[in-house]
Amino acid sequence: MDEPKVWLGDDGIVRVDFGGIGVVTLEHVKAELAARRRIHSMPQVTLVRLPGVWRVDVQAAAFMSSLESVSMTIASALVTDSSLGNLAVRVFDLYHRPPFPWRVFANDDDAVEWLRQYLPQR
């Protein structure tokens, strides 16, 4: 399994890159959450890149909406550059809308600009 890449940016936003995965599975999102917990145990602001992702499986979507997952997220921006990625995000929103603020963007710069409002004051 290719795990998503997860790192903390200099701006305090946790980056998650699912590039090259295609179908996001339960194992992928559990690996992503474990990597985020290694960065910090407190809730985080995340920028999630989805290049090439065309589907999120049902178990993964359910886990992403679980208390275990949402309790680690302050706000999230999803970046996708394809119509299939946008469709996957819309289906997720329809059935598993998370309780934290989140939006979809076509590029990282717009996503970061929106996420800055949710960063804890330093």
# chains A, B, ... in the order shown; residues from 1 in each chain; ligands from 1
call {"tool": "residues_around", "arguments": {"residues": "range 48-52 of chain A", "least_positions_apart": "2", "cutoff": "9 Å", "atoms": "only C-alpha atoms", "output": "list in words"}}
result
Val14, Arg15, Val16, Asp17, Phe18, Gly19, Gly20, Ile21, Gly22, Val23, Thr46, Trp54, Ser76, Ala77, Leu78, Val79, Thr80, Asp81, Ser82, Leu84, Gly85, Asn107 and Asp108 of chain A
call {"tool": "select_by_dssp", "arguments": {"residues": "chain A", "states": "strand (DSSP E)", "output": "number ranges by chain"}}
result
A: 5-8, 14-17, 23-24, 44-49, 55-56, 73-79, 102-105
call {"tool": "select_by_dssp", "arguments": {"residues": "chain A", "states": "helix (DSSP H, G or I)", "output": "JSON, numbers by chain"}}
result
{"A": [26, 27, 28, 29, 30, 31, 32, 33, 34, 35, 36, 37, 38, 39, 58, 59, 60, 61, 62, 63, 64, 67, 68, 69, 70, 83, 84, 85, 86, 87, 88, 89, 90, 91, 92, 93, 94, 95, 96, 108, 109, 110, 111, 112, 113, 114, 115, 116, 117, 118]}
call {"tool": "write_last_selection", "arguments": {"atoms": "N, CA and C atoms", "output": "short mmCIF file (atom, residue, chain, number, x, y, z; two decimals), in the first residue's frame"}}
result
data_model
loop_
_atom_site.label_atom_id
_atom_site.label_comp_id
_atom_site.auth_asym_id
_atom_site.auth_seq_id
_atom_site.Cartn_x
_atom_site.Cartn_y
_atom_site.Cartn_z
N LEU A 26 -9.67 2.59 3.64
CA LEU A 26 -9.62 2.72 5.09
C LEU A 26 -8.17 2.68 5.58
N GLU A 27 -7.35 1.82 5.01
CA GLU A 27 -5.95 1.73 5.41
C GLU A 27 -5.21 3.04 5.15
N HIS A 28 -5.51 3.70 4.03
CA HIS A 28 -4.88 4.99 3.73
C HIS A 28 -5.24 6.04 4.77
N VAL A 29 -6.53 6.17 5.11
CA VAL A 29 -6.91 7.24 6.05
C VAL A 29 -6.46 6.93 7.47
N LYS A 30 -6.37 5.65 7.83
CA LYS A 30 -5.82 5.32 9.15
C LYS A 30 -4.33 5.64 9.20
N ALA A 31 -3.61 5.38 8.11
CA ALA A 31 -2.19 5.72 8.06
C ALA A 31 -1.99 7.23 8.11
N GLU A 32 -2.86 7.96 7.43
CA GLU A 32 -2.79 9.44 7.45
C GLU A 32 -3.00 9.97 8.87
N LEU A 33 -4.01 9.46 9.55
CA LEU A 33 -4.29 9.92 10.92
C LEU A 33 -3.14 9.56 11.86
N ALA A 34 -2.58 8.38 11.72
CA ALA A 34 -1.45 7.98 12.57
C ALA A 34 -0.25 8.90 12.33
N ALA A 35 0.00 9.26 11.08
CA ALA A 35 1.11 10.17 10.78
C ALA A 35 0.84 11.55 11.36
N ARG A 36 -0.40 12.02 11.28
CA ARG A 36 -0.74 13.32 11.87
C ARG A 36 -0.56 13.30 13.38
N ARG A 37 -0.90 12.21 14.01
CA ARG A 37 -0.73 12.11 15.47
C ARG A 37 0.74 12.12 15.86
N ARG A 38 1.60 11.59 14.98
CA ARG A 38 3.04 11.64 15.27
C ARG A 38 3.57 13.07 15.20
N ILE A 39 2.93 13.91 14.39
CA ILE A 39 3.32 15.32 14.29
C ILE A 39 2.88 16.07 15.53
N VAL A 58 -16.21 3.39 0.91
CA VAL A 58 -17.22 3.65 1.94
C VAL A 58 -16.63 3.59 3.33
N GLN A 59 -15.80 2.59 3.61
CA GLN A 59 -15.20 2.46 4.95
C GLN A 59 -14.28 3.64 5.25
N ALA A 60 -13.54 4.11 4.26
CA ALA A 60 -12.65 5.26 4.46
C ALA A 60 -13.47 6.51 4.75
N ALA A 61 -14.53 6.72 4.00
CA ALA A 61 -15.38 7.90 4.21
C ALA A 61 -16.01 7.86 5.59
N ALA A 62 -16.49 6.71 6.01
CA ALA A 62 -17.09 6.58 7.34
C ALA A 62 -16.06 6.87 8.44
N PHE A 63 -14.84 6.37 8.27
CA PHE A 63 -13.79 6.62 9.26
C PHE A 63 -13.43 8.10 9.31
N MET A 64 -13.37 8.76 8.15
CA MET A 64 -13.02 10.19 8.11
C MET A 64 -14.07 11.03 8.83
N LEU A 67 -15.62 10.10 15.16
CA LEU A 67 -15.11 10.95 16.23
C LEU A 67 -13.59 10.86 16.32
N GLU A 68 -13.05 9.67 16.13
CA GLU A 68 -11.60 9.48 16.19
C GLU A 68 -10.87 10.39 15.20
N SER A 69 -11.42 10.52 14.02
CA SER A 69 -10.79 11.33 12.98
C SER A 69 -11.13 12.81 13.13
N VAL A 70 -12.41 13.15 13.30
CA VAL A 70 -12.79 14.57 13.34
C VAL A 70 -12.25 15.27 14.57
N SER A 83 -12.13 16.46 -12.51
CA SER A 83 -13.57 16.35 -12.34
C SER A 83 -13.92 15.10 -11.54
N LEU A 84 -13.16 14.01 -11.69
CA LEU A 84 -13.41 12.81 -10.89
C LEU A 84 -13.12 13.07 -9.41
N GLY A 85 -12.06 13.82 -9.13
CA GLY A 85 -11.75 14.18 -7.74
C GLY A 85 -12.84 15.03 -7.14
N ASN A 86 -13.34 15.99 -7.91
CA ASN A 86 -14.45 16.83 -7.43
C ASN A 86 -15.69 16.00 -7.16
N LEU A 87 -15.98 15.04 -8.03
CA LEU A 87 -17.13 14.17 -7.84
C LEU A 87 -16.98 13.34 -6.57
N ALA A 88 -15.78 12.79 -6.34
CA ALA A 88 -15.54 12.00 -5.13
C ALA A 88 -15.77 12.85 -3.88
N VAL A 89 -15.32 14.10 -3.91
CA VAL A 89 -15.50 14.99 -2.76
C VAL A 89 -16.98 15.32 -2.57
N ARG A 90 -17.71 15.55 -3.66
CA ARG A 90 -19.15 15.85 -3.55
C ARG A 90 -19.92 14.68 -2.95
N VAL A 91 -19.58 13.46 -3.36
CA VAL A 91 -20.24 12.27 -2.80
C VAL A 91 -19.93 12.16 -1.31
N PHE A 92 -18.67 12.38 -0.94
CA PHE A 92 -18.29 12.36 0.48
C PHE A 92 -19.11 13.38 1.26
N ASP A 93 -19.23 14.60 0.73
CA ASP A 93 -19.98 15.66 1.39
C ASP A 93 -21.44 15.27 1.56
N LEU A 94 -22.01 14.64 0.58
CA LEU A 94 -23.41 14.26 0.61
C LEU A 94 -23.71 13.25 1.71
N TYR A 95 -22.82 12.28 1.91
CA TYR A 95 -23.09 11.19 2.85
C TYR A 95 -22.31 11.25 4.15
N HIS A 96 -21.21 11.97 4.18
CA HIS A 96 -20.34 11.94 5.36
C HIS A 96 -19.80 13.32 5.73
N ASP A 108 -3.26 24.99 -4.17
CA ASP A 108 -2.79 25.10 -2.80
C ASP A 108 -2.82 26.53 -2.27
N ASP A 109 -2.49 27.51 -3.10
CA ASP A 109 -2.42 28.90 -2.63
C ASP A 109 -3.77 29.38 -2.10
N ASP A 110 -4.84 29.11 -2.84
CA ASP A 110 -6.17 29.52 -2.37
C ASP A 110 -6.57 28.76 -1.12
N ALA A 111 -6.20 27.49 -1.05
CA ALA A 111 -6.51 26.68 0.13
C ALA A 111 -5.80 27.24 1.37
N VAL A 112 -4.52 27.56 1.24
CA VAL A 112 -3.75 28.10 2.37
C VAL A 112 -4.34 29.42 2.82
N GLU A 113 -4.68 30.28 1.88
CA GLU A 113 -5.26 31.57 2.24
C GLU A 113 -6.52 31.39 3.08
N TRP A 114 -7.39 30.45 2.69
CA TRP A 114 -8.62 30.20 3.44
C TRP A 114 -8.32 29.57 4.81
N LEU A 115 -7.35 28.66 4.86
CA LEU A 115 -7.05 27.96 6.11
C LEU A 115 -6.43 28.86 7.17
N ARG A 116 -5.75 29.93 6.77
CA ARG A 116 -5.06 30.78 7.75
C ARG A 116 -5.98 31.27 8.87
N GLN A 117 -7.25 31.49 8.56
CA GLN A 117 -8.18 31.99 9.58
C GLN A 117 -8.40 30.99 10.72
N TYR A 118 -8.08 29.73 10.49
CA TYR A 118 -8.31 28.69 11.49
C TYR A 118 -7.07 28.30 12.28
#
call {"tool": "atom_distance", "arguments": {"atom1": "CA of Pro98 in chain A", "atom2": "CA of His40 in chain A"}}
result
20.6 Å
call {"tool": "closest_residue", "arguments": {"among": "A:Pro101, A:Ala106, A:Ile74, A:Arg55", "to": "Met42 in chain A", "atoms": "only C-alpha atoms"}}
result
A:Ile74
call {"tool": "closest_residue", "arguments": {"among": "A:Val24, A:Val45, A:Val104, A:Val53", "to": "Gly12 in chain A", "atoms": "only C-alpha atoms"}}
result
A:Val45
call {"tool": "closest_residue", "arguments": {"among": "A:Ser41, A:Ile13, A:Lys5, A:Trp102", "to": "Ser71 in chain A", "atoms": "only C-alpha atoms"}}
result
A:Ser41
call {"tool": "atom_distance", "arguments": {"atom1": "CA of Pro99 in chain A", "atom2": "CA of Ala75 in chain A"}}
result
9.3 Å
call {"tool": "atom_distance", "arguments": {"atom1": "CA of Ser65 in chain A", "atom2": "CA of Gln121 in chain A"}}
result
26.2 Å
